[in-house]
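Source file: protein.cif (mmCIF, C-alpha atoms and all ligand atoms)
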data_final
#
loop_
_atom_site.label_atom_id
_atom_site.label_comp_id
_atom_site.auth_asym_id
_atom_site.auth_seq_id
_atom_site.Cartn_x
_atom_site.Cartn_y
_atom_site.Cartn_z
CA MET A 1 76.06 110.22 118.73
CA SER A 2 73.66 108.15 116.62
CA MET A 3 75.03 106.05 113.81
CA PHE A 4 75.85 107.50 110.44
CA CYS A 5 76.92 105.27 107.58
CA TYR A 6 76.91 106.09 103.88
CA GLN A 7 79.40 103.57 102.64
CA CYS A 8 77.23 101.79 100.13
CA GLU A 9 74.59 102.36 97.47
CA GLU A 10 71.88 101.05 99.81
CA ALA A 11 72.26 104.11 102.10
CA ALA A 12 68.84 105.29 103.32
CA GLY A 13 67.40 107.99 101.06
CA GLY A 14 70.64 107.98 99.10
CA ARG A 15 72.15 110.00 101.95
CA GLY A 16 73.06 107.73 104.86
CA CYS A 17 71.67 105.31 107.42
CA THR A 18 71.14 106.96 110.80
CA VAL A 19 68.98 104.69 112.92
CA ARG A 20 69.59 101.24 111.49
CA GLY A 21 71.27 100.22 108.27
CA VAL A 22 69.14 99.31 105.26
CA CYS A 23 71.52 96.32 105.20
CA GLY A 24 70.40 95.36 108.73
CA LYS A 25 73.42 96.81 110.56
CA THR A 26 72.42 97.95 114.04
CA ASP A 27 73.49 101.12 115.78
CA ASP A 28 75.76 99.11 118.15
CA VAL A 29 77.42 97.20 115.33
CA ALA A 30 77.97 100.48 113.46
CA ALA A 31 79.66 101.97 116.54
CA MET A 32 81.87 98.90 116.98
CA GLN A 33 82.86 99.06 113.31
CA ASP A 34 83.63 102.78 113.64
CA LEU A 35 85.85 101.95 116.62
CA LEU A 36 87.63 99.22 114.68
CA ILE A 37 88.37 101.59 111.79
CA TYR A 38 89.60 104.19 114.27
CA LEU A 39 92.00 101.66 115.84
CA LEU A 40 93.17 100.40 112.46
CA LYS A 41 94.10 103.98 111.62
CA GLY A 42 96.07 104.06 114.87
CA ILE A 43 97.92 100.89 113.85
CA ALA A 44 98.63 102.37 110.43
CA VAL A 45 100.20 105.47 111.96
CA TYR A 46 102.90 103.18 113.39
CA GLY A 47 102.83 100.75 110.46
CA ASP A 48 103.70 103.49 107.98
CA LYS A 49 106.46 104.99 110.12
CA ALA A 50 107.86 101.58 111.09
CA ARG A 51 108.12 100.50 107.45
CA SER A 52 110.25 103.51 106.65
CA LEU A 53 112.66 102.15 109.30
CA GLY A 54 112.55 98.64 107.84
CA VAL A 55 110.19 97.22 110.49
CA VAL A 56 107.43 94.97 109.10
CA ASP A 57 105.12 92.85 111.26
CA SER A 58 103.30 90.47 108.93
CA GLU A 59 100.77 89.50 111.61
CA VAL A 60 99.80 93.15 111.94
CA ASP A 61 99.57 93.49 108.14
CA ALA A 62 97.21 90.51 107.94
CA PHE A 63 95.14 91.81 110.85
CA VAL A 64 94.67 95.24 109.28
CA ILE A 65 93.19 93.79 106.09
CA GLU A 66 91.03 91.36 108.06
CA GLY A 67 89.73 94.26 110.14
CA LEU A 68 88.99 96.47 107.14
CA PHE A 69 87.26 93.55 105.42
CA ALA A 70 85.06 92.97 108.50
CA THR A 71 83.52 96.44 108.07
CA ILE A 72 82.38 96.24 104.45
CA THR A 73 78.65 96.07 103.78
CA ASN A 74 77.05 92.79 104.92
CA ALA A 75 80.38 91.18 105.89
CA ASP A 76 80.01 91.06 109.67
CA PHE A 77 77.14 92.04 111.95
CA ASP A 78 78.51 90.15 114.97
CA ARG A 79 79.10 92.78 117.64
CA GLU A 80 80.96 90.36 119.88
CA ARG A 81 83.40 89.37 117.13
CA LEU A 82 83.91 93.04 116.23
CA ALA A 83 84.68 93.77 119.91
CA THR A 84 87.22 90.93 119.85
CA LEU A 85 88.79 92.46 116.75
CA ALA A 86 88.90 95.87 118.46
CA ARG A 87 90.68 94.39 121.50
CA ARG A 88 93.15 92.63 119.24
CA ALA A 89 93.69 95.91 117.37
CA LEU A 90 94.69 97.56 120.64
CA GLU A 91 97.15 94.76 121.42
CA LEU A 92 98.73 94.80 117.98
CA ARG A 93 98.85 98.59 117.85
CA ASP A 94 100.79 98.69 121.09
CA ARG A 95 103.09 95.88 119.99
CA LEU A 96 103.86 97.68 116.74
CA ALA A 97 104.30 100.97 118.62
CA GLY A 98 106.98 99.30 120.75
CA GLN A 99 108.75 97.96 117.67
CA PHE A 100 108.62 101.38 116.05
CA HIS A 101 109.91 103.28 119.08
CA SER A 102 112.84 100.85 119.46
CA ALA A 103 113.72 101.10 115.78
CA TYR A 104 113.50 104.89 115.90
CA GLN A 105 115.78 105.06 118.93
CA ARG A 106 118.31 102.79 117.18
CA ALA A 107 118.17 104.81 113.97
CA HIS A 108 118.31 108.30 115.49
CA GLY A 109 120.00 107.84 118.83
CA HIS A 110 117.13 109.54 120.68
CA PRO A 111 113.45 108.73 121.40
CA PHE A 112 110.67 109.64 118.97
CA ALA A 113 109.09 112.80 120.38
CA GLU A 114 106.58 114.04 117.78
CA SER A 115 102.90 114.20 118.72
CA LEU A 116 100.68 111.44 117.38
CA PRO A 117 96.98 111.38 116.50
CA GLU A 118 94.58 110.28 119.22
CA MET A 119 93.86 106.86 117.69
CA ALA A 120 97.52 105.94 118.03
CA THR A 121 97.48 106.33 121.80
CA TRP A 122 93.84 106.06 123.00
CA VAL A 123 93.16 103.38 125.60
CA PRO A 124 89.70 102.30 126.85
CA ALA A 125 88.76 102.57 130.53
CA ASP A 126 88.49 98.76 130.49
CA ASP A 127 88.05 96.16 127.78
CA SER A 128 84.27 95.71 128.21
CA GLU A 129 82.01 96.08 125.19
CA ASP A 130 80.40 99.09 126.90
CA ALA A 131 83.73 100.91 127.19
CA LEU A 132 84.55 100.15 123.58
CA LEU A 133 81.11 101.25 122.37
CA LEU A 134 81.39 104.51 124.26
CA GLN A 135 84.40 105.46 122.16
CA GLY A 136 82.95 103.92 118.96
CA ARG A 137 80.01 106.33 119.20
CA VAL A 138 82.21 109.43 119.06
CA VAL A 139 84.75 108.49 116.39
CA GLY A 140 82.51 107.89 113.36
CA ILE A 141 82.35 109.86 110.12
CA LEU A 142 80.56 112.83 111.68
CA ALA A 143 83.04 113.17 114.55
CA ASP A 144 84.86 115.92 112.66
CA LEU A 145 82.00 118.26 111.80
CA GLU A 146 84.32 121.26 111.69
CA MET A 147 86.46 119.54 109.07
CA ASP A 148 86.27 120.72 105.46
CA GLU A 149 83.36 118.79 103.91
CA ASP A 150 85.20 117.91 100.71
CA ALA A 151 88.22 116.65 102.62
CA ARG A 152 85.97 114.59 104.87
CA SER A 153 84.22 113.04 101.87
CA LEU A 154 87.54 112.31 100.17
CA ARG A 155 88.83 110.75 103.35
CA GLU A 156 85.85 108.39 103.43
CA LEU A 157 86.24 107.66 99.72
CA LEU A 158 89.80 106.58 100.39
CA ILE A 159 88.73 104.41 103.32
CA TYR A 160 86.10 102.70 101.15
CA GLY A 161 88.69 102.09 98.46
CA LEU A 162 90.95 100.53 101.10
CA LYS A 163 88.11 98.36 102.40
CA GLY A 164 87.48 96.98 98.92
CA MET A 165 91.18 96.44 98.35
CA ALA A 166 91.48 94.72 101.74
CA ALA A 167 88.70 92.25 100.93
CA TYR A 168 90.60 91.00 97.87
CA LEU A 169 93.96 91.14 99.63
CA TYR A 170 92.49 89.02 102.39
CA HIS A 171 91.20 86.40 99.94
CA ALA A 172 94.66 86.24 98.35
CA HIS A 173 96.33 86.15 101.77
CA VAL A 174 94.37 83.12 103.00
CA LEU A 175 95.50 81.30 99.86
CA GLY A 176 99.11 82.11 100.75
CA TYR A 177 99.65 85.03 98.34
CA ARG A 178 100.92 88.43 99.48
CA LYS A 179 102.78 91.37 98.08
CA ASP A 180 104.50 93.61 100.58
CA GLU A 181 104.06 96.75 98.49
CA LEU A 182 100.27 96.40 98.79
CA PHE A 183 100.34 96.05 102.58
CA GLY A 184 102.71 99.02 102.76
CA PHE A 185 100.26 101.09 100.74
CA VAL A 186 97.36 100.19 103.04
CA HIS A 187 99.34 101.51 106.03
CA GLU A 188 100.43 104.65 104.19
CA ALA A 189 96.92 105.51 103.00
CA LEU A 190 95.20 104.67 106.29
CA ALA A 191 97.78 106.78 108.12
CA MET A 192 96.78 109.72 105.92
CA THR A 193 93.15 109.29 107.02
CA ALA A 194 94.37 109.52 110.65
CA GLN A 195 95.55 113.11 110.14
CA ASP A 196 93.49 115.86 111.77
CA ALA A 197 93.19 117.93 108.61
CA PRO A 198 94.33 115.96 105.58
CA ASP A 199 94.82 118.05 102.46
CA ALA A 200 92.07 117.51 99.85
CA ASP A 201 94.52 117.39 96.91
CA ALA A 202 96.69 114.87 98.72
CA LEU A 203 93.60 112.75 99.40
CA VAL A 204 92.64 112.85 95.70
CA GLY A 205 96.15 111.71 94.81
CA MET A 206 96.02 108.91 97.37
CA ALA A 207 92.56 107.80 96.19
CA LEU A 208 93.89 107.55 92.63
CA ARG A 209 96.83 105.50 93.86
CA CYS A 210 94.36 103.33 95.76
CA GLY A 211 92.67 102.59 92.44
CA GLU A 212 96.00 101.53 90.93
CA MET A 213 96.80 99.38 93.95
CA GLY A 214 93.32 97.87 93.72
CA VAL A 215 94.09 96.72 90.17
CA GLN A 216 97.34 95.14 91.38
CA THR A 217 95.44 93.48 94.23
CA MET A 218 92.95 91.98 91.79
CA ALA A 219 95.83 90.63 89.69
CA LEU A 220 97.30 89.06 92.84
CA LEU A 221 93.95 87.50 93.73
CA ASP A 222 93.51 86.24 90.19
CA GLU A 223 96.90 84.56 90.42
CA ALA A 224 96.01 83.09 93.83
CA ASN A 225 92.63 81.79 92.63
CA THR A 226 93.74 80.40 89.28
CA THR A 227 96.83 78.76 90.77
CA SER A 228 94.79 77.23 93.59
CA PHE A 229 91.61 76.30 91.75
CA GLY A 230 92.33 76.50 88.01
CA THR A 231 91.29 78.94 85.30
CA PRO A 232 87.53 79.59 85.21
CA GLU A 233 85.76 78.22 82.15
CA PRO A 234 82.12 78.17 80.99
CA THR A 235 80.49 75.30 82.87
CA GLN A 236 76.95 73.89 82.96
CA VAL A 237 75.52 74.18 86.46
CA ASN A 238 72.27 73.11 88.11
CA LEU A 239 69.69 75.86 88.52
CA GLY A 240 66.66 75.60 90.80
CA VAL A 241 66.22 73.91 94.15
CA LYS A 242 66.23 70.42 95.64
CA PRO A 243 64.33 69.26 98.73
CA GLY A 244 66.37 68.94 101.90
CA PRO A 245 68.53 71.02 104.20
CA ALA A 246 70.49 73.75 102.51
CA ILE A 247 73.11 76.40 103.00
CA LEU A 248 72.86 79.60 100.97
CA ILE A 249 76.10 81.50 100.54
CA SER A 250 77.13 84.74 98.91
CA GLY A 251 80.48 86.42 98.41
CA HIS A 252 83.56 85.10 96.69
CA ASP A 253 85.71 83.49 99.36
CA LEU A 254 86.67 80.55 97.17
CA ARG A 255 88.63 78.78 99.89
CA ASP A 256 85.65 78.97 102.25
CA LEU A 257 83.43 77.62 99.47
CA LYS A 258 85.83 74.75 98.81
CA GLU A 259 85.93 73.83 102.51
CA LEU A 260 82.16 74.06 102.78
CA LEU A 261 81.68 71.74 99.80
CA GLU A 262 84.14 69.26 101.28
CA GLN A 263 82.45 69.37 104.68
CA THR A 264 78.94 68.87 103.24
CA LYS A 265 79.93 66.20 100.71
CA GLY A 266 77.74 63.10 101.05
CA LYS A 267 75.74 64.64 103.93
CA GLY A 268 72.63 65.52 101.93
CA VAL A 269 73.09 69.26 102.50
CA ASN A 270 72.65 71.34 99.36
CA VAL A 271 74.84 74.40 98.93
CA TYR A 272 73.44 77.24 96.85
CA THR A 273 75.52 80.12 95.51
CA HIS A 274 74.63 83.22 93.53
CA GLY A 275 77.46 82.95 91.12
S1 LIG B 301 76.53 99.59 104.83
FE1 LIG B 301 74.46 99.35 105.68
S2 LIG B 301 74.32 101.05 107.14
FE2 LIG B 301 75.99 101.57 105.74
S3 LIG B 301 75.10 102.78 104.07
FE3 LIG B 301 75.09 100.63 103.43
S4 LIG B 301 73.03 99.92 104.04
FE4 LIG B 301 73.42 101.78 105.21
#

Encoding of this model in structure tokens:
Amino acid sequence: MSMFCYQCEEAAGGRGCTVRGVCGKTDDVAAMQDLLIYLLKGIAVYGDKARSLGVVDSEVDAFVIEGLFATITNADFDRERLATLARRALELRDRLAGQFHSAYQRAHGHPFAESLPEMATWVPADDSEDALLLQGRVVGILADLEMDEDARSLRELLIYGLKGMAAYLYHAHVLGYRKDELFGFVHEALAMTAQDAPDADALVGMALRCGEMGVQTMALLDEANTTSFGTPEPTQVNLGVKPGPAILISGHDLRDLKELLEQTKGKGVNVYTHG
């Protein structure tokens, strides 16, 4: 199946990118990102159930937001790194599955026997990029053509909300700030997108909650940034360019920016930002 991505306002023709992204994303990278989202949904199926039994794996939580963040527009076009993330997703999914099954057995006195969605149990033929891509090409947005169109759109809307939330959660996380409720919500909402036929009304409700959680995430990031770097204030900055080697950055990973400035200090490398 050829790529289909309509996650941002740059989408070709206002409808979707199908051959190559307007952003530069290739068909292979799109498939690897689709696979990663698919596997993150599989993790969330266990993450949501495990939490209800008191099982929390903070490494898994951090990985899920890192993985979601890696798929937002222009964040990561490195197919090899995405394949590495997909392999790690498989490892962590299976680790969490083991924790969940043990906790369920302890809590209920018998094994968990309900059926699970495919992404919670799928395993590749081998861990080569080719085997991963093969699956990535059949699990994208258009994989469920028989699904109700509104529900499918709402499902993607929710995933995009979670991706945005994850980017900010990740920035806060690397500064040492986390709030368990927000990670729990990511698992709960992603697990809903793993359902075969999620209810449209339920998806609307979850998307609205995602908005509320997004506001809480921004408050957490604000706290992380202002505590780590101080409160922003109007400041005179240099505009224009200087001769010499340069690094141009975009985004708002303030810790990365700080480290970059420290590493380039006194080396004659100019760092340019857009804001
Ligand atoms: S993220 Fe890239 S491929 Fe996807 S819609 Fe935007 S421009 Fe197109």

Considering all atoms listed in the file, return as a PDB file with C-alpha atoms, in the coordinates of the input whatever protein or nucleic-acid residues lie within 8 Å of Leu175 (chain A), sequence-local ones (same chain, fewer than 4 positions apart) excluded.
ATOM      1  CA  HIS A 171      91.200  86.400  99.940  1.00  0.00           C
ATOM      2  CA  ALA A 224      96.010  83.090  93.830  1.00  0.00           C
ATOM      3  CA  ASN A 225      92.630  81.790  92.630  1.00  0.00           C
ATOM      4  CA  SER A 228      94.790  77.230  93.590  1.00  0.00           C
ATOM      5  CA  ARG A 255      88.630  78.780  99.890  1.00  0.00           C
TER       6      ARG A 255
END

Within 6 Å of (71.0, 106.3, 114.3) in the file's own coordinates, which protein, DNA or RNA residues have an atom, counting only C-alpha atoms? List them as a PyMOL selection string. chain A and resi 2-3+18-20+27

Resulting file, chosen residues, C-alpha atoms, as a PDB file, in the coordinates of the input:
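Written file, again33.pdb:
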ATOM      1  CA  SER A   2      73.660 108.150 116.620  1.00  0.00           C
ATOM      2  CA  MET A   3      75.030 106.050 113.810  1.00  0.00           C
ATOM      3  CA  THR A  18      71.140 106.960 110.800  1.00  0.00           C
ATOM      4  CA  VAL A  19      68.980 104.690 112.920  1.00  0.00           C
ATOM      5  CA  ARG A  20      69.590 101.240 111.490  1.00  0.00           C
ATOM      6  CA  ASP A  27      73.490 101.120 115.780  1.00  0.00           C
TER       7      ASP A  27
END

For ligand LIG 301 (chain B), return the neighbouring residues as a PyMOL selection string (distance at most 8 Å; all atoms listed in the file). chain A and resi 4-12+16-18+20-26+30+72-74

Restricting the calculation to only C-alpha atoms: of A:Leu68, A:Ala207, A:Val269, A:Leu82, which residue gets closest to Met192 (chain A)? A:Ala207

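In this structure, CA of Glu80 (chain A) sits 14.2 Å away from CA of Asp34 (chain A).
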
Please return region 215-245 of chain A, rebuilt to N, CA and C atoms, as an mmCIF file, keeping the file's coordinate frame.
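Contents of the output file out.cif:
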data_model
loop_
_atom_site.group_PDB
_atom_site.id
_atom_site.type_symbol
_atom_site.label_atom_id
_atom_site.label_comp_id
_atom_site.auth_asym_id
_atom_site.auth_seq_id
_atom_site.Cartn_x
_atom_site.Cartn_y
_atom_site.Cartn_z
ATOM 1 N N VAL A 215 93.901 97.527 91.388
ATOM 2 C CA VAL A 215 94.090 96.720 90.170
ATOM 3 C C VAL A 215 95.186 95.672 90.420
ATOM 4 N N GLN A 216 96.262 96.104 91.067
ATOM 5 C CA GLN A 216 97.340 95.140 91.380
ATOM 6 C C GLN A 216 96.857 94.056 92.350
ATOM 7 N N THR A 217 95.986 94.468 93.270
ATOM 8 C CA THR A 217 95.440 93.480 94.230
ATOM 9 C C THR A 217 94.589 92.455 93.495
ATOM 10 N N MET A 218 93.789 92.919 92.536
ATOM 11 C CA MET A 218 92.950 91.980 91.790
ATOM 12 C C MET A 218 93.803 91.022 90.967
ATOM 13 N N ALA A 219 94.924 91.518 90.454
ATOM 14 C CA ALA A 219 95.830 90.630 89.690
ATOM 15 C C ALA A 219 96.421 89.576 90.633
ATOM 16 N N LEU A 220 96.751 90.007 91.861
ATOM 17 C CA LEU A 220 97.300 89.060 92.840
ATOM 18 C C LEU A 220 96.247 87.997 93.194
ATOM 19 N N LEU A 221 95.012 88.451 93.386
ATOM 20 C CA LEU A 221 93.950 87.500 93.730
ATOM 21 C C LEU A 221 93.681 86.547 92.571
ATOM 22 N N ASP A 222 93.717 87.095 91.372
ATOM 23 C CA ASP A 222 93.510 86.240 90.190
ATOM 24 C C ASP A 222 94.570 85.136 90.156
ATOM 25 N N GLU A 223 95.808 85.540 90.397
ATOM 26 C CA GLU A 223 96.900 84.560 90.420
ATOM 27 C C GLU A 223 96.655 83.515 91.528
ATOM 28 N N ALA A 224 96.253 84.006 92.702
ATOM 29 C CA ALA A 224 96.010 83.090 93.830
ATOM 30 C C ALA A 224 94.880 82.115 93.498
ATOM 31 N N ASN A 225 93.785 82.646 92.929
ATOM 32 C CA ASN A 225 92.630 81.790 92.630
ATOM 33 C C ASN A 225 92.923 80.803 91.509
ATOM 34 N N THR A 226 93.518 81.297 90.425
ATOM 35 C CA THR A 226 93.740 80.400 89.280
ATOM 36 C C THR A 226 94.811 79.356 89.606
ATOM 37 N N THR A 227 95.805 79.740 90.395
ATOM 38 C CA THR A 227 96.830 78.760 90.770
ATOM 39 C C THR A 227 96.236 77.713 91.715
ATOM 40 N N SER A 228 95.358 78.164 92.600
ATOM 41 C CA SER A 228 94.790 77.230 93.590
ATOM 42 C C SER A 228 93.654 76.389 93.015
ATOM 43 N N PHE A 229 92.829 77.005 92.165
ATOM 44 C CA PHE A 229 91.610 76.300 91.750
ATOM 45 C C PHE A 229 91.482 76.111 90.237
ATOM 46 N N GLY A 230 92.406 76.637 89.462
ATOM 47 C CA GLY A 230 92.330 76.500 88.010
ATOM 48 C C GLY A 230 91.690 77.712 87.356
ATOM 49 N N THR A 231 91.843 77.796 86.031
ATOM 50 C CA THR A 231 91.290 78.940 85.300
ATOM 51 C C THR A 231 89.788 78.731 85.085
ATOM 52 N N PRO A 232 88.980 79.758 85.407
ATOM 53 C CA PRO A 232 87.530 79.590 85.210
ATOM 54 C C PRO A 232 87.180 79.317 83.754
ATOM 55 N N GLU A 233 86.207 78.476 83.519
ATOM 56 C CA GLU A 233 85.760 78.220 82.150
ATOM 57 C C GLU A 233 84.246 78.037 82.168
ATOM 58 N N PRO A 234 83.581 78.317 81.023
ATOM 59 C CA PRO A 234 82.120 78.170 80.990
ATOM 60 C C PRO A 234 81.734 76.736 81.387
ATOM 61 N N THR A 235 80.842 76.619 82.342
ATOM 62 C CA THR A 235 80.490 75.300 82.870
ATOM 63 C C THR A 235 78.984 75.218 83.095
ATOM 64 N N GLN A 236 78.383 74.096 82.726
ATOM 65 C CA GLN A 236 76.950 73.890 82.960
ATOM 66 C C GLN A 236 76.714 73.652 84.454
ATOM 67 N N VAL A 237 75.802 74.386 85.034
ATOM 68 C CA VAL A 237 75.520 74.180 86.460
ATOM 69 C C VAL A 237 74.026 73.932 86.661
ATOM 70 N N ASN A 238 73.676 73.329 87.776
ATOM 71 C CA ASN A 238 72.270 73.110 88.110
ATOM 72 C C ASN A 238 71.633 74.434 88.549
ATOM 73 N N LEU A 239 70.453 74.716 88.033
ATOM 74 C CA LEU A 239 69.690 75.860 88.520
ATOM 75 C C LEU A 239 68.482 75.289 89.261
ATOM 76 N N GLY A 240 67.829 76.099 90.095
ATOM 77 C CA GLY A 240 66.660 75.600 90.800
ATOM 78 C C GLY A 240 67.016 75.042 92.161
ATOM 79 N N VAL A 241 66.022 74.384 92.780
ATOM 80 C CA VAL A 241 66.220 73.910 94.150
ATOM 81 C C VAL A 241 65.935 72.420 94.268
ATOM 82 N N LYS A 242 66.489 71.826 95.328
ATOM 83 C CA LYS A 242 66.230 70.420 95.640
ATOM 84 C C LYS A 242 65.664 70.356 97.051
ATOM 85 N N PRO A 243 64.806 69.373 97.341
ATOM 86 C CA PRO A 243 64.330 69.260 98.730
ATOM 87 C C PRO A 243 65.486 68.929 99.667
ATOM 88 N N GLY A 244 65.351 69.306 100.915
ATOM 89 C CA GLY A 244 66.370 68.940 101.900
ATOM 90 C C GLY A 244 67.040 70.142 102.504
ATOM 91 N N PRO A 245 67.834 69.910 103.550
ATOM 92 C CA PRO A 245 68.530 71.020 104.200
ATOM 93 C C PRO A 245 69.497 71.712 103.240
#
